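As stored in upload13.txt (compact mmCIF, C-alpha atoms and all ligand atoms):
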```txt
# COMPACT_ATOMS: atom_id res chain seq x y z
CA MET A 88 58.21 -11.22 0.61
CA THR A 89 55.18 -11.18 -1.68
CA ILE A 90 54.00 -14.10 -3.73
CA ALA A 91 52.25 -13.86 -7.08
CA GLY A 92 48.84 -15.47 -6.53
CA ASN A 93 47.78 -15.79 -10.13
CA ASN A 94 46.89 -13.73 -13.13
CA SER A 95 43.49 -13.98 -14.72
CA GLU A 96 41.17 -11.79 -16.70
CA VAL A 97 38.58 -11.36 -13.98
CA ILE A 98 38.85 -11.42 -10.18
CA VAL A 99 35.60 -11.78 -8.24
CA VAL A 100 35.87 -10.75 -4.58
CA GLY A 101 33.35 -12.63 -2.42
CA GLY A 102 31.64 -15.99 -2.85
CA GLY A 103 28.04 -15.24 -1.90
CA VAL A 104 25.14 -15.65 -4.32
CA VAL A 105 26.14 -12.48 -6.17
CA GLY A 106 29.83 -13.36 -6.60
CA LEU A 107 29.15 -17.00 -7.52
CA SER A 108 26.47 -16.05 -10.07
CA ILE A 109 28.81 -13.54 -11.68
CA ALA A 110 31.74 -15.99 -11.72
CA PHE A 111 29.55 -18.67 -13.30
CA ARG A 112 28.22 -16.41 -16.07
CA VAL A 113 31.50 -14.62 -16.81
CA GLN A 114 33.45 -17.87 -17.06
CA GLN A 115 30.81 -19.13 -19.51
CA THR A 116 31.63 -16.21 -21.80
CA GLY A 117 35.19 -17.49 -22.13
CA HIS A 118 37.02 -15.33 -19.56
CA ARG A 119 39.31 -16.86 -16.96
CA VAL A 120 37.85 -16.11 -13.53
CA ILE A 121 39.37 -16.35 -10.06
CA LEU A 122 36.95 -16.06 -7.17
CA LEU A 123 38.48 -15.08 -3.83
CA GLU A 124 36.46 -15.87 -0.73
CA LYS A 125 37.72 -15.11 2.75
CA ASN A 126 36.02 -18.09 4.42
CA GLN A 127 33.84 -20.64 2.66
CA CYS A 128 31.62 -19.77 -0.28
CA GLY A 129 27.94 -19.28 0.40
CA ARG A 130 28.00 -19.17 4.19
CA GLU A 131 27.00 -15.56 4.86
CA ALA A 132 23.86 -13.55 4.00
CA SER A 133 23.11 -15.70 0.97
CA TRP A 134 22.96 -18.80 3.13
CA ALA A 135 21.09 -17.09 5.99
CA GLY A 136 18.32 -15.76 3.74
CA ALA A 137 14.84 -17.18 3.31
CA GLY A 138 15.10 -17.85 -0.43
CA ILE A 139 12.07 -15.79 -1.43
CA ILE A 140 12.26 -14.77 -5.07
CA SER A 141 9.98 -11.84 -4.55
CA ALA A 142 7.61 -10.46 -7.15
CA ALA A 143 8.60 -6.96 -8.29
CA ASN A 144 7.04 -3.93 -6.65
CA PRO A 145 5.46 -1.80 -9.40
CA HIS A 146 5.69 1.30 -7.21
CA ARG A 147 9.49 1.32 -7.32
CA SER A 148 11.29 3.46 -9.85
CA ASP A 149 10.90 2.09 -13.39
CA ALA A 150 14.53 1.06 -13.73
CA MET A 151 14.57 -0.98 -10.51
CA TYR A 152 11.22 -2.53 -11.39
CA ARG A 153 12.57 -3.64 -14.77
CA LEU A 154 15.74 -5.12 -13.27
CA HIS A 155 13.65 -7.02 -10.75
CA CYS A 156 11.25 -8.34 -13.44
CA GLN A 157 14.16 -9.43 -15.64
CA SER A 158 15.71 -11.36 -12.78
CA ILE A 159 12.57 -13.21 -11.73
CA ALA A 160 11.65 -13.99 -15.34
CA GLN A 161 14.84 -16.00 -15.78
CA TYR A 162 14.97 -17.60 -12.32
CA GLU A 163 13.38 -20.91 -13.19
CA SER A 164 15.68 -21.50 -16.17
CA PHE A 165 18.68 -20.26 -14.14
CA CYS A 166 17.94 -22.92 -11.50
CA ALA A 167 17.30 -25.60 -14.14
CA GLU A 168 20.65 -24.80 -15.76
CA LEU A 169 22.45 -25.07 -12.42
CA THR A 170 20.76 -28.37 -11.68
CA ASP A 171 21.80 -29.68 -15.09
CA VAL A 172 25.44 -28.80 -14.49
CA SER A 173 25.68 -29.68 -10.80
CA GLY A 174 23.08 -32.39 -10.26
CA ILE A 175 21.76 -30.43 -7.24
CA ASP A 176 18.04 -29.66 -7.06
CA THR A 177 17.56 -26.04 -5.90
CA GLU A 178 13.88 -26.70 -5.08
CA TYR A 179 12.73 -23.67 -7.07
CA GLU A 180 8.96 -23.38 -6.79
CA ARG A 181 6.58 -20.66 -7.92
CA CYS A 182 4.49 -20.86 -4.75
CA GLY A 183 2.93 -17.35 -4.83
CA SER A 184 2.62 -15.07 -1.84
CA LEU A 185 -0.11 -13.59 0.32
CA ASP A 186 0.34 -10.16 1.88
CA MET A 187 -1.87 -9.71 4.94
CA LEU A 188 -3.23 -6.16 4.58
CA THR A 189 -3.58 -4.77 8.07
CA THR A 190 -4.26 -1.07 7.35
CA THR A 191 -6.52 0.83 4.95
CA GLN A 192 -3.40 2.35 3.42
CA ALA A 193 -2.08 -1.16 2.66
CA VAL A 194 -5.41 -2.08 1.04
CA GLU A 195 -5.28 1.06 -1.12
CA MET A 196 -1.71 0.22 -2.20
CA ALA A 197 -2.77 -3.34 -3.05
CA GLU A 198 -5.71 -2.08 -5.11
CA SER A 199 -3.36 0.26 -6.90
CA ASP A 200 -1.01 -2.72 -7.63
CA VAL A 201 -3.96 -4.57 -9.15
CA ARG A 202 -4.76 -1.55 -11.37
CA VAL A 203 -1.13 -1.03 -12.44
CA LEU A 204 -0.67 -4.73 -13.23
CA ALA A 205 -4.12 -5.27 -14.76
CA ASP A 206 -2.63 -6.57 -18.02
CA VAL A 207 -0.03 -8.85 -16.45
CA THR A 208 -0.94 -12.52 -16.27
CA THR A 209 0.82 -15.74 -15.35
CA ALA A 210 1.66 -18.41 -17.93
CA ASP A 211 -1.72 -20.06 -17.31
CA GLY A 212 -3.61 -16.80 -17.89
CA LYS A 213 -4.40 -15.86 -14.27
CA PRO A 214 -3.92 -12.28 -13.03
CA ALA A 215 -0.44 -11.72 -11.56
CA VAL A 216 -1.98 -9.98 -8.54
CA GLU A 217 -5.39 -10.16 -6.97
CA VAL A 218 -7.02 -8.83 -3.79
CA ILE A 219 -8.78 -11.57 -1.82
CA ALA A 220 -11.44 -10.86 0.82
CA THR A 221 -10.92 -12.32 4.30
CA ASP A 222 -14.09 -14.41 3.91
CA ASP A 223 -12.63 -16.14 0.87
CA ILE A 224 -9.12 -16.81 2.13
CA ARG A 225 -9.77 -20.24 3.69
CA GLU A 226 -10.05 -21.81 0.24
CA VAL A 227 -6.67 -20.37 -0.72
CA GLU A 228 -4.69 -20.80 2.51
CA PRO A 229 -6.70 -22.65 5.21
CA ASN A 230 -4.46 -21.99 8.24
CA ILE A 231 -3.84 -18.27 7.81
CA ALA A 232 -5.29 -15.84 10.40
CA ARG A 233 -8.09 -13.55 9.33
CA ASN A 234 -7.04 -10.66 11.58
CA CYS A 235 -6.53 -8.29 8.66
CA LEU A 236 -8.66 -6.30 6.20
CA ALA A 237 -7.88 -8.31 3.05
CA PHE A 238 -5.06 -10.21 1.32
CA LEU A 239 -2.99 -9.48 -1.75
CA LEU A 240 -2.14 -12.60 -3.72
CA ARG A 241 0.99 -12.30 -5.88
CA ARG A 242 1.19 -15.33 -8.12
CA ASP A 243 4.73 -14.61 -9.39
CA THR A 244 6.45 -14.95 -6.03
CA ALA A 245 8.69 -18.00 -5.92
CA GLN A 246 11.05 -19.65 -3.47
CA VAL A 247 14.31 -21.47 -3.73
CA ARG A 248 16.19 -23.51 -1.13
CA ASN A 249 19.09 -21.07 -0.95
CA PRO A 250 21.73 -23.34 0.68
CA ARG A 251 21.10 -25.75 -2.20
CA LEU A 252 21.21 -22.94 -4.75
CA LEU A 253 24.61 -21.94 -3.37
CA ALA A 254 25.92 -25.50 -3.42
CA ALA A 255 24.70 -25.81 -7.02
CA LEU A 256 26.34 -22.52 -7.99
CA ARG A 257 29.65 -23.41 -6.39
CA SER A 258 29.69 -26.80 -8.04
CA ALA A 259 28.67 -25.34 -11.44
CA CYS A 260 31.46 -22.74 -11.17
CA ILE A 261 34.02 -25.46 -10.53
CA GLU A 262 32.59 -27.58 -13.34
CA HIS A 263 33.04 -24.63 -15.75
CA GLY A 264 36.61 -23.98 -14.61
CA VAL A 265 36.28 -21.04 -12.21
CA ASP A 266 39.34 -21.02 -9.93
CA ILE A 267 37.71 -20.75 -6.49
CA ARG A 268 40.11 -19.89 -3.66
CA GLU A 269 38.43 -20.21 -0.28
CA GLY A 270 40.24 -18.92 2.79
CA SER A 271 41.57 -16.00 0.69
CA GLU A 272 40.75 -12.65 2.28
CA VAL A 273 41.27 -9.66 0.03
CA THR A 274 42.97 -7.04 2.17
CA ARG A 275 43.36 -4.23 -0.36
CA PHE A 276 42.87 -3.18 -3.94
CA ALA A 277 46.02 -2.69 -5.98
CA VAL A 278 45.68 0.67 -7.72
CA GLU A 279 48.01 2.19 -10.32
CA HIS A 280 47.21 5.65 -11.74
CA ASP A 281 43.49 5.42 -10.83
CA ARG A 282 43.25 1.99 -12.39
CA VAL A 283 42.54 -1.09 -10.27
CA ILE A 284 45.00 -3.71 -11.48
CA GLY A 285 44.22 -6.45 -8.99
CA VAL A 286 43.96 -7.23 -5.30
CA ASP A 287 46.21 -8.31 -2.48
CA CYS A 288 45.38 -11.18 -0.13
CA GLY A 289 47.92 -10.77 2.64
CA ARG A 290 51.19 -11.88 1.05
CA TYR A 291 49.56 -13.02 -2.18
CA LYS A 292 48.94 -10.67 -5.10
CA PHE A 293 46.41 -11.34 -7.81
CA ARG A 294 46.37 -9.29 -11.00
CA ALA A 295 43.56 -9.03 -13.58
CA LYS A 296 42.02 -6.71 -16.12
CA HIS A 297 38.71 -6.59 -14.23
CA VAL A 298 37.98 -6.79 -10.50
CA VAL A 299 34.38 -7.28 -9.36
CA LEU A 300 33.52 -6.31 -5.79
CA CYS A 301 30.89 -8.64 -4.30
CA ALA A 302 31.92 -8.72 -0.64
CA GLY A 303 28.39 -8.15 0.72
CA ALA A 304 28.18 -6.37 4.07
CA TRP A 305 32.00 -6.27 4.21
CA SER A 306 32.41 -4.36 0.95
CA THR A 307 33.76 -1.18 2.54
CA GLU A 308 36.19 -3.04 4.80
CA ILE A 309 38.69 -3.69 2.01
CA GLY A 310 41.69 -1.37 2.14
CA HIS A 311 41.88 1.74 -0.07
CA GLY A 312 40.00 4.63 1.50
CA LYS A 313 39.13 6.45 -1.71
CA ILE A 314 37.29 3.41 -3.04
CA SER A 315 35.36 2.60 0.12
CA ASP A 316 34.30 6.28 0.33
CA LEU A 317 32.25 5.65 -2.83
CA PHE A 318 30.05 3.08 -1.09
CA LYS A 319 27.80 3.24 1.90
CA VAL A 320 27.28 -0.46 2.57
CA TYR A 321 26.69 -1.53 6.15
CA PRO A 322 25.50 -4.73 7.89
CA VAL A 323 21.77 -5.03 8.63
CA ARG A 324 21.14 -8.04 10.82
CA GLY A 325 18.26 -10.38 10.11
CA GLN A 326 17.24 -13.01 12.65
CA ILE A 327 15.27 -15.98 11.42
CA MET A 328 13.91 -19.22 12.90
CA LEU A 329 13.12 -22.64 11.50
CA LEU A 330 10.08 -24.56 12.71
CA HIS A 331 9.97 -28.31 12.42
CA CYS A 332 6.79 -29.01 10.48
CA VAL A 333 6.13 -32.06 8.34
CA ASP A 334 2.64 -31.47 6.99
CA ARG A 335 3.29 -28.23 5.08
CA PRO A 336 0.86 -26.02 7.03
CA ILE A 337 1.10 -23.20 4.46
CA ARG A 338 1.64 -23.20 0.70
CA HIS A 339 2.22 -19.54 -0.11
CA VAL A 340 4.88 -17.21 1.21
CA ILE A 341 2.99 -15.19 3.82
CA ASN A 342 3.87 -11.57 4.60
CA ARG A 343 2.43 -9.83 7.63
CA ARG A 344 3.97 -6.39 8.18
CA LYS A 345 7.71 -7.15 8.35
CA LEU A 346 7.31 -10.86 9.05
CA TYR A 347 7.37 -13.52 6.36
CA LEU A 348 6.75 -17.24 6.51
CA VAL A 349 8.11 -19.66 3.93
CA CYS A 350 7.39 -23.36 3.89
CA ARG A 351 9.81 -25.71 2.15
CA LYS A 352 8.76 -28.77 0.17
CA ASP A 353 9.68 -31.04 3.10
CA GLY A 354 7.36 -29.05 5.40
CA ARG A 355 10.06 -27.15 7.32
CA LEU A 356 8.98 -23.59 7.85
CA LEU A 357 11.09 -20.43 8.03
CA ALA A 358 9.89 -17.38 9.97
CA GLY A 359 11.87 -14.20 9.40
CA ALA A 360 13.28 -11.73 9.72
CA THR A 361 14.24 -8.79 11.89
CA GLU A 362 15.75 -5.75 10.20
CA GLU A 363 18.36 -4.32 12.58
CA HIS A 364 20.35 -1.39 11.26
CA ASP A 365 22.55 -0.88 14.31
CA SER A 366 23.78 -4.47 14.75
CA GLY A 367 27.26 -3.92 13.43
CA PHE A 368 28.86 -7.25 12.51
CA MET A 369 27.28 -9.09 15.51
CA LYS A 370 25.75 -12.15 13.88
CA ARG A 371 23.65 -13.59 16.67
CA ASN A 372 20.11 -14.08 17.94
CA THR A 373 18.78 -11.86 20.71
CA PRO A 374 15.89 -12.27 23.18
CA ASP A 375 14.05 -9.32 21.55
CA GLY A 376 14.47 -10.82 18.10
CA ILE A 377 13.25 -14.25 19.17
CA ARG A 378 10.23 -12.74 20.97
CA TRP A 379 9.29 -10.67 17.90
CA LEU A 380 9.58 -13.68 15.58
CA THR A 381 7.49 -15.87 17.88
CA LEU A 382 4.70 -13.33 18.45
CA SER A 383 4.52 -12.25 14.81
CA THR A 384 4.40 -15.87 13.61
CA ALA A 385 1.52 -16.66 15.95
CA ALA A 386 -0.36 -13.57 14.70
CA ALA A 387 -0.03 -14.68 11.08
CA VAL A 388 -0.69 -18.42 11.40
CA PRO A 389 -1.88 -19.30 14.94
CA LYS A 390 -1.52 -23.05 14.34
CA LEU A 391 2.26 -22.63 14.20
CA VAL A 392 2.54 -22.23 17.98
CA ASP A 393 2.14 -26.03 18.11
CA TYR A 394 5.33 -26.69 16.17
CA PRO A 395 8.79 -26.98 17.76
CA VAL A 396 11.58 -24.58 16.88
CA GLU A 397 14.29 -26.63 15.15
CA THR A 398 16.95 -23.93 15.06
CA MET A 399 17.50 -20.20 14.55
CA TRP A 400 20.26 -18.03 13.15
CA ALA A 401 21.13 -14.53 12.04
CA GLY A 402 22.71 -13.11 8.90
CA LEU A 403 24.09 -9.74 7.81
CA ARG A 404 22.43 -8.17 4.80
CA PRO A 405 24.48 -5.68 2.80
CA GLY A 406 22.37 -2.55 3.46
CA THR A 407 22.54 0.82 1.71
CA PRO A 408 20.86 4.10 2.72
CA ASP A 409 18.34 3.99 -0.16
CA ARG A 410 17.92 0.20 -0.09
CA ARG A 411 19.20 -0.09 -3.66
CA PRO A 412 22.29 -2.04 -4.71
CA TYR A 413 25.48 -0.70 -6.22
CA ILE A 414 25.90 -2.21 -9.66
CA GLY A 415 28.25 -0.83 -12.30
CA PRO A 416 31.68 0.61 -12.99
CA VAL A 417 33.22 2.46 -10.05
CA PRO A 418 33.85 6.07 -11.10
CA GLY A 419 37.49 7.14 -11.02
CA PHE A 420 38.75 3.55 -10.76
CA GLU A 421 38.94 1.91 -14.16
CA GLY A 422 38.87 -1.87 -13.99
CA LEU A 423 36.68 -2.02 -10.87
CA ILE A 424 33.02 -3.05 -11.09
CA ALA A 425 30.69 -3.03 -8.08
CA ALA A 426 27.99 -5.64 -7.48
CA THR A 427 27.09 -5.19 -3.85
CA GLY A 428 24.57 -3.70 -1.42
CA HIS A 429 21.67 -5.90 -2.53
CA PHE A 430 20.13 -5.59 0.94
CA ARG A 431 16.89 -7.66 1.11
CA THR A 432 16.84 -8.85 -2.51
CA GLY A 433 20.26 -10.29 -3.30
CA LEU A 434 18.99 -13.80 -3.92
CA THR A 435 16.29 -12.40 -6.19
CA LEU A 436 18.55 -10.05 -8.15
CA ALA A 437 21.62 -12.29 -8.53
CA PRO A 438 20.84 -13.54 -12.09
CA VAL A 439 20.28 -10.07 -13.57
CA THR A 440 23.29 -8.70 -11.69
CA ALA A 441 25.43 -11.43 -13.28
CA ASP A 442 24.09 -10.54 -16.75
CA ILE A 443 24.95 -6.88 -16.24
CA VAL A 444 28.50 -7.62 -15.09
CA CYS A 445 28.97 -9.94 -18.09
CA ASP A 446 27.90 -7.09 -20.43
CA LEU A 447 30.25 -4.63 -18.73
CA ILE A 448 33.19 -6.99 -19.00
CA ALA A 449 32.47 -8.00 -22.59
CA THR A 450 31.63 -4.58 -24.06
CA GLY A 451 32.17 -1.91 -21.40
CA SER A 452 28.46 -1.06 -21.39
CA THR A 453 25.04 -2.59 -20.82
CA ALA A 454 21.50 -2.03 -22.07
CA HIS A 455 20.23 -2.24 -18.49
CA ASP A 456 19.46 1.12 -16.89
CA LEU A 457 21.87 1.45 -13.96
CA ARG A 458 21.22 5.09 -13.02
CA ARG A 459 19.56 4.13 -9.73
CA CYS A 460 22.37 1.74 -8.77
CA LYS A 461 25.41 3.90 -9.49
CA PRO A 462 28.44 3.54 -7.22
CA GLY A 463 29.33 6.93 -5.75
CA ARG A 464 25.74 8.25 -5.85
CA SER A 465 24.69 10.77 -3.22
CA PHE A 466 21.90 10.13 -0.77
CA ASP A 467 20.57 13.68 -0.53
CA GLN A 468 18.00 12.99 -3.23
CA PRO A 469 14.32 12.41 -2.45
CA GLY A 470 13.55 8.73 -1.98
CA SER A 471 16.64 8.13 0.11
CA VAL A 472 15.72 6.23 3.21
CA ALA A 473 17.91 6.48 6.26
CA HIS A 474 17.65 3.86 8.95
CA ARG A 475 14.49 1.83 9.45
CA PRO A 476 13.13 0.52 12.76
CA ILE A 477 15.22 -2.11 14.49
CA ILE A 478 12.52 -4.64 15.26
CA SER A 479 9.05 -3.66 14.20
C1 LIG A 501 17.75 -13.28 7.37
C2 LIG A 501 17.87 -12.89 5.92
C3 LIG A 501 16.83 -13.20 5.05
C4 LIG A 501 16.94 -12.86 3.69
N1 LIG A 501 15.96 -13.28 2.84
C5 LIG A 501 16.07 -13.01 1.50
C6 LIG A 501 15.10 -13.51 0.60
O1 LIG A 501 14.19 -14.22 0.99
N2 LIG A 501 15.22 -13.17 -0.72
C7 LIG A 501 16.24 -12.39 -1.18
O2 LIG A 501 16.28 -12.10 -2.38
N3 LIG A 501 17.19 -11.93 -0.34
C8 LIG A 501 17.13 -12.23 0.99
N4 LIG A 501 18.07 -11.76 1.86
C9 LIG A 501 19.11 -10.88 1.36
C10 LIG A 501 20.17 -11.67 0.64
O3 LIG A 501 20.53 -12.77 1.42
C11 LIG A 501 21.39 -10.76 0.38
O4 LIG A 501 21.00 -9.60 -0.31
C12 LIG A 501 22.40 -11.53 -0.48
O5 LIG A 501 22.71 -12.75 0.12
C13 LIG A 501 23.66 -10.72 -0.69
O6 LIG A 501 24.56 -11.56 -1.39
P1 LIG A 501 26.08 -11.22 -1.45
O7 LIG A 501 26.71 -12.26 -2.30
O8 LIG A 501 26.25 -9.79 -1.85
O9 LIG A 501 26.56 -11.28 0.08
P2 LIG A 501 27.01 -12.50 1.00
O10 LIG A 501 26.18 -13.69 0.82
O11 LIG A 501 27.13 -11.94 2.39
O12 LIG A 501 28.44 -12.86 0.44
C14 LIG A 501 29.54 -12.00 0.56
C15 LIG A 501 30.77 -12.89 0.60
O13 LIG A 501 31.93 -12.07 0.53
C16 LIG A 501 32.90 -12.65 1.40
N5 LIG A 501 33.87 -11.62 1.74
C17 LIG A 501 33.68 -10.52 2.51
N6 LIG A 501 34.81 -9.78 2.61
C18 LIG A 501 35.73 -10.43 1.84
C19 LIG A 501 37.09 -10.17 1.55
N7 LIG A 501 37.73 -9.10 2.04
N8 LIG A 501 37.76 -11.03 0.76
C20 LIG A 501 37.15 -12.14 0.24
N9 LIG A 501 35.84 -12.43 0.51
C21 LIG A 501 35.14 -11.59 1.29
C22 LIG A 501 32.09 -13.13 2.58
O14 LIG A 501 32.79 -14.10 3.34
C23 LIG A 501 30.86 -13.68 1.89
O15 LIG A 501 30.99 -15.06 1.60
C24 LIG A 501 18.05 -12.14 3.22
C25 LIG A 501 19.10 -11.84 4.09
C26 LIG A 501 19.01 -12.23 5.43
C27 LIG A 501 20.17 -11.94 6.34
```
Here is the file; what I need is its structure written in the form of structure tokens.
Amino acid sequence: MTIAGNNSEVIVVGGGVVGLSIAFRVQQTGHRVILLEKNQCGREASWAGAGIISAANPHRSDAMYRLHCQSIAQYESFCAELTDVSGIDTEYERCGSLDMLTTTQAVEMAESDVRVLADVTTADGKPAVEVIATDDIREVEPNIARNCLAFLLRRDTAQVRNPRLLAALRSACIEHGVDIREGSEVTRFAVEHDRVIGVDCGRYKFRAKHVVLCAGAWSTEIGHGKISDLFKVYPVRGQIMLLHCVDRPIRHVINRRKLYLVCRKDGRLLAGATEEHDSGFMKRNTPDGIRWLTLSTAAAVPKLVDYPVETMWAGLRPGTPDRRPYIGPVPGFEGLIAATGHFRTGLTLAPVTADIVCDLIATGSTAHDLRRCKPGRSFDQPGSVAHRPIIS
């Protein structure tokens, strides 16, 4: 026996930061949205992440750079809007970041960033990026190590307390009338003549004009082989630890090689994260991961060895071979839109992803350039990156 779940105009599959942001924005445009989440909303990668709203990398392809800039430009107002609706403070803060430049190649890249972004300034007229000599760093960030050649300051980097952002998003969705069904695992897409007409959740069937796939690292696990063949999304584990600090030993986000450090307003400090491409769906900490986090943290800010570890966890990023997301209509399957594979930048790119999906639902097209994010793209092109080191 099958049971009709509900009919709506839009079904969103997955309640991470991407799915919740889309549901929130689409419902605001007057569509009826059902969000189906297999467990609880906002408990996977989006919760596990560090909450860095990273400044855009000007060396990426133009289209990705623009998407990134558009997302970070609206982040503060996005958070303010969520706080207004939900009453939850997301702790958004434009804290800036410091990249520790440990090789001459990294210094050259940083100098090139400064040249490329020479005309870009912050709201108070300061350069968006600046190279700082090791001798001058103490005034900017007193506790940082000086075991590098120079530092790149990016003033546009921000941070958000992602568990709070997710709570605010979930609450704002409910406030606006999104029908959130937790504990509803989508098992397959319902397809009729190459058109996706809904999804099945075990015995329940949901039908809608548009289905948006936002199932993160699990996006290719949903039944219907021909659709999952169009995506190469796989789990990339990230291990992260939380240090119990009270005196806010650092102000900026600090990046040293693959390590980053982020200090919350209450002083708690996150050190992350490993990038493990062969983890499968094993969401756990490992001795190698913990060792790497501990040693790398001490190399970046030696004072942190004095602070106790409060807890640690691991999350599964939705990785893709070229590290770019899939955003846009799924070719050959009318009615299905992809918004997945955001890898290391899903928290950062969620607002612009939601805008794009809104455009696609409202008009069938968008002014955003999605050529680099196309579902079904091949990975034989230059620029494709296969697997990266497990723990560097
Ligand atoms: C350790 C770590 C640190 C990170 N740090 C940052 C950072 O600082 N800044 C940044 O921008 N990004 C960061 N990221 C990346 C970011 O977290 C991800 O890109 C982002 O969370 C992806 O969001 P999502 O909504 O696609 O996926 P998820 O948050 O994983 O959500 C997917 C949801 O879909 C649900 N789901 C799956 N299958 C089904 C199904 N069949 N039916 C119904 N529901 C289903 C899942 O239960 C889950 O809730 C980090 C990630 C990790 C792991």
7 Å from ligand LIG 501 (chain A) is the threshold here; counting only C-alpha atoms and all ligand atoms, which polymer residues fall inside it? Answer as a PyMOL selection string. chain A and resi 100-106+123-141+271-274+301-306+308-309+324-327+359-360+401-405+427-436
Quick one: pull the distance between CA of Gly310 (chain A) and CA of Gly270 (chain A), Å, one decimal.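 Separation between CA of Gly310 (chain A) and CA of Gly270 (chain A): 17.6 Å.
For the choices A:Arg411, A:His297, A:Arg147, A:Arg344, the atom-to-atom distance to Ser383 (chain A) is smallest for A:Arg344 when using all atoms listed in the file.
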Atomic separation - CA of His118 (chain A) relative to CA of Ala91 (chain A), Å: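 Here the two named atoms are 19.7 Å from each other.
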Place a sphere of radius 12 Å on (4.8, -15.4, 16.4) in the file coordinates and name every protein, DNA or RNA residue with an atom inside or on its surface, counting only C-alpha atoms; give the answer as a ChimeraX atom specification. /A:232,327-328,330,343,345-348,357-360,376-394,396
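Residue nearest Ala193 (chain A), chosen from A:Phe238, A:Phe165, A:Tyr413, A:Phe318 and counting all atoms listed in the file: A:Phe238.
The residue set within 8 Å of Gly367 (chain A), counting all atoms listed in the file and dropping same-chain residues fewer than 6 places from it, reads Tyr321, Pro322, Val323 and Arg324 of chain A.
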CA of Arg242 (chain A) to CA of Leu185 (chain A): how many Å, to one decimal?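 Separating CA of Arg242 (chain A) from CA of Leu185 (chain A) is a distance of 8.7 Å.
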To box region 376-384 of chain A, take all atoms listed in the file, fit an axis-aligned box, add 5 Å on each side, and give centre and edge lengths in Å to one decimal, as AutoDock Vina command-line options.
```
--center_x 9.4 --center_y -13.3 --center_z 17.3 --size_x 20.1 --size_y 15.2 --size_z 17.4
```
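Residues lying within 8 Å of Leu169 (chain A), counting only C-alpha atoms and ignoring same-chain neighbours fewer than 5 positions away, are Gly174, Ile175, Ala255, Leu256 and Ala259 of chain A.
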